[in-house]
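Q: Just so it is clear, I am handing over work-v9.txt, which has compact mmCIF, C-alpha atoms.
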# COMPACT_ATOMS: atom_id res chain seq x y z
CA MET A 200 51.82 30.69 -7.87
CA VAL A 201 54.74 33.15 -7.66
CA ASP A 202 58.38 32.47 -6.90
CA LYS A 203 60.15 33.65 -3.77
CA GLY A 204 61.96 36.40 -5.63
CA SER A 205 60.60 39.44 -7.36
CA ARG A 206 60.46 37.81 -10.81
CA ALA A 207 56.89 37.50 -12.07
CA VAL A 208 55.71 34.16 -13.46
CA LEU A 209 52.62 33.40 -15.47
CA HIS A 210 49.62 32.06 -13.56
CA ARG A 211 49.70 28.29 -14.09
CA PRO A 212 45.96 27.45 -13.87
CA LEU A 213 45.16 30.22 -16.36
CA MET A 214 47.89 29.01 -18.72
CA ILE A 215 46.50 25.47 -18.46
CA LEU A 216 43.09 26.89 -19.38
CA ALA A 217 44.65 28.73 -22.34
CA ALA A 218 46.41 25.54 -23.50
CA ALA A 219 43.15 23.61 -23.26
CA MET A 220 41.44 26.30 -25.34
CA ALA A 221 44.17 25.98 -27.99
CA VAL A 222 43.56 22.22 -28.23
CA LEU A 223 39.78 22.61 -28.29
CA GLY A 224 40.11 25.39 -30.86
CA VAL A 225 41.94 23.04 -33.24
CA ILE A 226 39.26 20.40 -32.67
CA ALA A 227 36.51 22.96 -33.31
CA LEU A 228 38.23 24.11 -36.49
CA GLY A 229 38.31 20.51 -37.67
CA GLY A 230 34.64 20.17 -36.76
CA LEU A 231 33.80 23.13 -38.98
CA VAL A 232 35.46 21.34 -41.89
CA PHE A 233 34.21 17.79 -41.37
CA ASP A 234 30.88 18.16 -39.50
CA ASP A 235 28.04 19.74 -41.49
CA ARG A 236 25.56 19.93 -38.61
CA SER A 237 23.99 23.30 -37.80
CA LEU A 238 22.37 24.86 -34.74
CA VAL A 239 20.23 28.02 -34.79
CA ASN A 240 21.05 28.59 -38.48
CA ALA A 241 24.81 28.46 -37.93
CA PRO A 242 27.48 25.73 -38.14
CA ILE A 243 27.34 23.79 -34.89
CA TRP A 244 31.10 24.14 -34.31
CA LEU A 245 31.23 27.92 -34.88
CA LYS A 246 30.22 28.98 -31.37
CA PRO A 247 32.69 26.62 -29.63
CA LEU A 248 35.46 27.91 -31.92
CA LYS A 249 34.69 31.56 -31.13
CA PHE A 250 34.59 30.87 -27.40
CA THR A 251 37.88 28.94 -27.39
CA ILE A 252 39.63 31.87 -29.09
CA SER A 253 38.10 34.50 -26.80
CA VAL A 254 38.58 32.57 -23.55
CA GLY A 255 42.11 31.52 -24.53
CA LEU A 256 43.20 35.09 -25.25
CA TYR A 257 41.56 36.35 -22.06
CA ALA A 258 43.25 33.65 -19.95
CA VAL A 259 46.71 34.52 -21.31
CA THR A 260 46.09 38.23 -20.74
CA LEU A 261 44.88 37.68 -17.19
CA ALA A 262 47.83 35.38 -16.43
CA TRP A 263 50.23 38.09 -17.60
CA LEU A 264 48.33 40.79 -15.69
CA LEU A 265 48.46 38.84 -12.42
CA GLY A 266 52.20 38.47 -12.92
CA GLN A 267 52.51 42.27 -12.79
CA LEU A 268 51.05 42.54 -9.28
CA THR A 269 53.32 43.99 -6.62
CA ARG A 270 50.80 43.71 -3.78
CA GLY A 271 48.29 41.01 -2.91
CA ARG A 272 49.93 38.49 -5.23
CA ARG A 273 48.71 35.45 -3.29
CA PHE A 274 45.14 36.78 -3.28
CA GLY A 275 45.48 37.52 -6.99
CA TRP A 276 46.62 33.93 -7.58
CA TRP A 277 43.46 32.60 -5.97
CA LEU A 278 41.30 34.99 -7.98
CA GLY A 279 42.92 33.78 -11.18
CA THR A 280 42.31 30.19 -10.11
CA VAL A 281 38.63 30.91 -9.50
CA PHE A 282 38.40 32.45 -12.97
CA ALA A 283 40.13 29.45 -14.57
CA ALA A 284 37.85 26.99 -12.78
CA GLY A 285 34.66 28.93 -13.63
CA LEU A 286 35.47 29.41 -17.31
CA GLY A 287 36.84 25.88 -17.60
CA LEU A 288 33.50 24.56 -16.34
CA ASP A 289 31.61 26.76 -18.78
CA MET A 290 33.64 25.60 -21.75
CA ALA A 291 33.20 21.94 -20.82
CA LEU A 292 29.45 22.45 -20.60
CA LEU A 293 29.43 24.38 -23.89
CA PHE A 294 31.00 21.47 -25.77
CA TRP A 295 28.80 18.93 -24.01
CA GLN A 296 25.58 20.80 -24.71
CA ASN A 297 26.30 22.11 -28.21
CA ILE A 298 28.34 19.28 -29.69
CA GLY A 299 27.49 16.27 -27.55
CA ARG A 300 23.75 16.89 -27.18
CA GLY A 301 23.23 19.09 -30.24
CA ARG A 302 21.25 21.64 -28.24
CA THR A 303 21.57 25.37 -27.58
CA LEU A 304 23.42 26.38 -24.44
CA HIS A 305 22.36 29.88 -23.46
CA PHE A 306 18.76 30.72 -22.49
CA ASN A 307 17.63 27.07 -22.91
CA GLN A 308 14.99 26.10 -20.33
CA GLU A 309 13.22 23.39 -22.33
CA THR A 310 14.09 20.31 -20.23
CA PRO A 311 15.37 19.77 -16.67
CA ALA A 312 18.79 18.84 -18.11
CA ASP A 313 18.86 22.03 -20.17
CA GLN A 314 17.92 24.08 -17.12
CA TRP A 315 20.63 22.44 -15.01
CA ILE A 316 23.30 23.06 -17.64
CA ASN A 317 22.14 26.65 -18.12
CA ASN A 318 22.27 27.27 -14.36
CA MET A 319 25.74 25.72 -14.03
CA VAL A 320 27.03 27.88 -16.89
CA ALA A 321 25.60 30.93 -15.13
CA ASN A 322 27.42 29.94 -11.92
CA GLY A 323 30.71 29.60 -13.79
CA ALA A 324 30.21 32.94 -15.53
CA PHE A 325 29.37 34.70 -12.26
CA ALA A 326 32.50 33.21 -10.65
CA GLY A 327 34.61 34.51 -13.54
CA TRP A 328 32.93 37.91 -13.41
CA GLY A 329 33.40 38.19 -9.65
CA ALA A 330 37.07 37.21 -9.90
CA THR A 331 37.67 39.78 -12.65
CA ALA A 332 35.93 42.48 -10.61
CA ALA A 333 38.09 41.65 -7.58
CA ILE A 334 41.25 41.77 -9.74
CA ALA A 335 40.17 45.19 -11.05
CA ILE A 336 39.86 46.42 -7.45
CA LEU A 337 43.21 44.84 -6.57
CA LEU A 338 44.84 46.83 -9.38
CA LEU A 339 43.83 50.05 -7.65
CA PHE A 340 46.35 49.28 -4.91
CA GLN A 341 49.27 48.53 -7.25
CA ARG A 342 52.15 50.91 -7.88
CA LEU A 343 53.81 49.62 -11.01
CA PRO A 344 57.05 51.29 -12.12
CA ASP A 345 55.49 52.16 -15.48
CA ARG A 346 52.65 54.57 -14.69
CA VAL A 347 51.38 54.55 -18.28
CA MET A 348 50.88 50.77 -18.21
CA ASN A 349 49.49 51.04 -14.68
CA SER A 350 46.72 53.33 -15.95
CA ALA A 351 46.05 51.05 -18.93
CA LEU A 352 45.74 47.95 -16.76
CA ARG A 353 43.39 49.61 -14.30
CA ALA A 354 41.09 51.03 -16.96
CA GLY A 355 41.22 47.87 -19.08
CA ALA A 356 40.28 45.62 -16.17
CA ALA A 357 37.47 47.93 -15.04
CA LEU A 358 35.95 48.16 -18.53
CA SER A 359 36.32 44.42 -18.95
CA VAL A 360 34.23 43.91 -15.82
CA VAL A 361 31.55 46.15 -17.34
CA GLY A 362 31.71 44.20 -20.60
CA ILE A 363 31.20 40.89 -18.81
CA GLY A 364 28.34 42.41 -16.81
CA ILE A 365 26.56 43.52 -19.99
CA ALA A 366 25.87 39.84 -20.66
CA MET A 367 23.30 39.95 -17.85
CA LEU A 368 21.06 42.08 -20.08
CA MET A 369 20.74 39.13 -22.44
CA PHE A 370 19.16 36.90 -19.84
CA THR A 371 16.03 38.99 -19.26
CA PRO A 372 12.88 37.79 -21.06
CA ASN A 373 12.09 39.66 -24.29
CA GLU A 374 8.61 40.89 -25.22
CA GLN A 375 7.53 37.61 -26.81
CA GLN A 376 8.69 35.60 -23.81
CA MET A 377 6.97 38.01 -21.40
CA ALA A 378 3.76 37.57 -23.40
CA GLN A 379 4.06 33.81 -22.89
CA TYR A 380 4.48 34.30 -19.15
CA ARG A 381 1.41 36.56 -19.05
CA ALA A 382 -0.57 33.92 -20.92
CA GLY A 383 0.34 31.36 -18.27
CA GLU A 384 2.85 29.57 -20.49
CA LYS A 385 6.46 28.75 -19.65
CA PRO A 386 8.77 29.64 -22.56
CA SER A 387 11.44 27.10 -23.46
CA ILE A 388 13.88 29.93 -24.19
CA VAL A 389 14.34 32.80 -21.70
CA GLY A 390 16.54 35.62 -22.95
CA ALA A 391 18.20 36.30 -26.29
CA HIS A 392 21.27 37.71 -27.98
CA ALA A 393 19.29 39.77 -30.48
CA VAL A 394 16.98 42.67 -29.66
CA GLY A 395 13.85 43.29 -31.73
CA VAL A 396 14.36 40.20 -33.91
CA PRO A 397 14.65 36.44 -33.22
CA ASP A 398 18.04 34.86 -32.67
CA GLY A 399 19.43 33.00 -35.65
CA GLY A 400 18.54 35.57 -38.31
CA PRO A 401 20.89 37.16 -40.86
CA GLY A 402 24.24 38.00 -39.33
CA LEU A 403 27.78 39.15 -40.04
CA PRO A 404 30.21 36.49 -41.31
CA LEU A 405 32.05 34.50 -38.60
CA VAL A 406 30.79 36.47 -35.59
CA GLY A 407 27.09 36.09 -36.49
CA TRP A 408 26.07 39.49 -35.08
CA SER A 409 22.62 40.45 -36.32
CA THR A 410 22.42 42.63 -39.42
CA VAL A 411 18.67 43.24 -39.06
CA GLY A 412 18.30 44.10 -35.36
CA GLY A 413 20.19 44.91 -32.19
CA ASP A 414 22.69 42.42 -30.79
CA MET A 415 23.94 42.51 -27.21
CA ARG A 416 26.91 40.29 -28.06
CA ILE A 417 28.60 43.31 -29.66
CA PRO A 418 29.06 45.50 -26.54
CA HIS A 419 29.70 42.35 -24.52
CA PHE A 420 32.56 41.35 -26.84
CA VAL A 421 34.02 44.85 -27.10
CA GLY A 422 33.91 45.43 -23.34
CA ILE A 423 35.51 42.09 -22.46
CA HIS A 424 38.54 42.77 -24.61
CA ALA A 425 39.29 46.20 -23.15
CA ILE A 426 41.69 44.34 -20.89
CA GLN A 427 43.79 43.65 -24.00
CA VAL A 428 43.16 46.78 -26.07
CA LEU A 429 44.23 49.42 -23.54
CA PRO A 430 47.52 47.75 -22.52
CA LEU A 431 48.22 47.43 -26.26
CA VAL A 432 47.66 51.20 -26.53
CA ALA A 433 50.26 51.70 -23.79
CA CYS A 434 52.70 49.39 -25.60
CA GLY A 435 52.04 51.25 -28.85
CA LEU A 436 52.91 54.56 -27.22
CA LEU A 437 56.17 53.05 -25.95
CA VAL A 438 57.11 51.99 -29.50
CA LEU A 439 56.10 55.34 -31.02
CA ALA A 440 58.16 57.19 -28.41
CA ARG A 441 61.29 56.06 -30.28
CA ARG A 442 60.26 58.29 -33.18
CA TYR A 443 58.32 61.02 -31.41
CA PRO A 444 60.15 62.44 -28.37
CA VAL A 445 57.00 64.07 -26.99
CA LEU A 446 55.71 60.58 -26.14
CA GLU A 447 58.70 59.93 -23.91
CA SER A 448 56.96 62.01 -21.25
CA GLU A 449 55.22 59.82 -18.70
CA PHE A 450 52.74 62.64 -18.15
CA VAL A 451 51.79 62.66 -21.85
CA GLY A 452 51.58 58.87 -22.09
CA ARG A 453 49.37 58.55 -19.03
CA ASN A 454 46.99 61.26 -20.27
CA LEU A 455 46.78 59.64 -23.70
CA VAL A 456 45.91 56.30 -22.13
CA ARG A 457 43.27 57.96 -19.98
CA THR A 458 41.85 59.67 -23.07
CA ALA A 459 41.75 56.32 -24.88
CA SER A 460 40.01 54.79 -21.86
CA VAL A 461 37.30 57.46 -21.86
CA GLY A 462 36.84 56.97 -25.59
CA PHE A 463 36.58 53.21 -25.14
CA ALA A 464 34.00 53.67 -22.39
CA GLY A 465 32.02 55.98 -24.68
CA LEU A 466 32.13 53.40 -27.48
CA LEU A 467 30.96 50.69 -25.10
CA ALA A 468 28.04 52.84 -23.94
CA LEU A 469 27.15 53.71 -27.54
CA LEU A 470 27.15 50.08 -28.67
CA THR A 471 25.00 49.06 -25.70
CA TRP A 472 22.53 51.88 -26.37
CA GLN A 473 22.37 51.02 -30.06
CA ALA A 474 21.76 47.32 -29.40
CA GLN A 475 19.12 47.98 -26.73
CA ARG A 476 17.17 50.06 -29.27
CA GLY A 477 17.03 47.06 -31.61
CA GLN A 478 19.31 48.74 -34.14
CA SER A 479 21.72 46.73 -36.27
CA ILE A 480 25.43 47.52 -36.09
CA VAL A 481 25.46 47.91 -39.90
CA HIS A 482 22.47 50.27 -40.05
CA PRO A 483 23.15 53.09 -37.55
CA ASP A 484 20.62 55.93 -37.44
CA PHE A 485 21.32 59.65 -37.24
CA TRP A 486 21.56 59.70 -33.44
CA THR A 487 24.00 56.82 -33.35
CA LEU A 488 26.19 58.46 -35.98
CA ILE A 489 26.13 61.90 -34.31
CA THR A 490 26.95 60.35 -30.92
CA GLY A 491 29.80 58.37 -32.46
CA ALA A 492 31.12 61.54 -34.09
CA GLY A 493 30.96 63.28 -30.71
CA ILE A 494 33.01 60.51 -29.10
CA ILE A 495 35.62 60.74 -31.86
CA ALA A 496 35.78 64.53 -31.49
CA ALA A 497 36.18 64.24 -27.71
CA VAL A 498 38.99 61.71 -28.06
CA ALA A 499 40.72 63.88 -30.68
CA ALA A 500 40.49 66.95 -28.47
CA GLY A 501 41.67 65.02 -25.43
CA SER A 502 44.62 63.64 -27.39
CA MET A 503 45.63 67.13 -28.54
CA LEU A 504 45.51 68.43 -24.98
CA SER A 505 47.45 65.42 -23.73
CA LEU A 506 50.28 66.15 -26.15
CA ARG A 507 50.85 69.54 -24.58
CA VAL A 508 53.85 68.78 -22.37
CA PRO A 509 54.02 71.17 -19.37
CA ARG A 510 57.18 73.25 -19.18
CA PRO A 511 59.51 72.75 -16.20
CA MET A 512 58.64 74.87 -13.18
CA HIS A 513 61.77 77.01 -13.47
CA GLN A 514 60.60 78.19 -16.94
CA LEU A 515 57.26 79.29 -15.54
CA THR A 516 58.75 81.71 -13.01
Output the file's structure as structure tokens, nothing else.
A:
Amino acid sequence: MVDKGSRAVLHRPLMILAAAMAVLGVIALGGLVFDDRSLVNAPIWLKPLKFTISVGLYAVTLAWLLGQLTRGRRFGWWLGTVFAAGLGLDMALLFWQNIGRGRTLHFNQETPADQWINNMVANGAFAGWGATAAIAILLLFQRLPDRVMNSALRAGAALSVVGIGIAMLMFTPNEQQMAQYRAGEKPSIVGAHAVGVPDGGPGLPLVGWSTVGGDMRIPHFVGIHAIQVLPLVACGLLVLARRYPVLESEFVGRNLVRTASVGFAGLLALLTWQAQRGQSIVHPDFWTLITGAGIIAAVAAGSMLSLRVPRPMHQLT
């Protein structure tokens, strides 16, 4: 948990989860080399490898974040434990279903066993999402000494909650599945990653995101990792302050982080909108490009305004 003093320690259950992901990641990497099986037109070990990396990084980040709490540390410890248990369950089921049974994990409703596994994964994901949401709320009541990092942690956790929640859009039946329901049939697959095209089509190397249609995994991925990106922005500003004195101002740093947070939120909304329209990430249309340009312009303008350090009050009189 935490020690009796003020020194922060990393959350042990989350670090155990991260260590387990490191071991499973090595196993998955070996599977990619020595196991030539495929699932949904992709190497069968690719999805477990991607999830071990993502979950491992998230667990380490969350463990560090919980160590920064100054209030509600015991409650935060339990929230981190719920997250570790929920995601640990999901990863165990992922390896069992994908590697052990050679069957798809998400959206699979073909057999009673598939349905049970799919429902258990959903329970684990909801537990992790709920714990992250509660941690984001808990951060609102913290008063960290570094206000720049405080802003980054709050915004990063909040956007991460949104990113996890975007996954729920994948579990609604698509048009083809709705047509099966209307015809009195029960589809074996309910939900999809891709929008406008079937799952398993042409995709980007490694990540597999669709290059011919929309893909909800993109905003989901981007949103989840806001919890790492925005604190890294705050750390970057701290490093740059050694060369640029204007960044030594806490006022400037906090406004720059807030500007980055708004820009990140805009990017997340844009990627979700693009995917929902069935548009590939590599083939943006005019409206996607003009919206993206608007977000960049807004962030640039906000950054310029943030760099304007206010003069001391005695110089204003």
Q: Which is closest to Trp328 (chain A) among A:His210, A:Ser502, A:Gln427, A:Ala284, if we use all atoms listed in the file?
A: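 The answer is A:Ala284, which sits nearest to Trp328 (chain A).
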Q: Grab the CA of Ala262 (chain A) to CA of Leu209 (chain A) distance for me, in Å with one decimal place.
A: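 Calculated distance between CA of Ala262 (chain A) and CA of Leu209 (chain A) is 5.3 Å.
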Q: Which of these, A:Ile363, A:Phe306, A:Val222, A:Pro418, has the shortest distance to Ser387 (chain A) once you count all atoms listed in the file?
A: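 With all atoms listed in the file as the atom set, the closest residue is A:Phe306.
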Q: Identify which of the residues A:Gly462, A:Ala356, A:Ile495, A:Asn307 lies closest to Lys385 (chain A), counting all atoms listed in the file when measuring atom-to-atom distances.
A: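 With all atoms listed in the file as the atom set, the closest residue is A:Asn307.
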Q: Near Leu431 (chain A), within 12 Å and counting all atoms listed in the file, which residues show up once chain neighbours fewer than 2 positions away are dropped, as a ChimeraX atom specification?
A: /A:260,347-348,350-352,355,424-429,433-438,456,459-460
Q: Compare A:Gly452, A:Gln478, A:Leu358, A:Val208 by their minimum atom-to-atom distance to Ala440 (chain A), counting only C-alpha atoms, and give me the closest one.
A: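 Ranking A:Gly452, A:Gln478, A:Leu358, A:Val208 by distance to Ala440 (chain A), first place goes to A:Gly452.
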Q: Please measure the separation of CA of Ala464 (chain A) and CA of Gly422 (chain A), giving the value in Å to one decimal.
A: 8.3 Å
Q: Have a look at CA of Trp472 (chain A) and CA of Phe370 (chain A) and let me know their distance in Å, one decimal.
A: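 According to the coordinates, CA of Trp472 (chain A) and CA of Phe370 (chain A) are separated by 16.7 Å.
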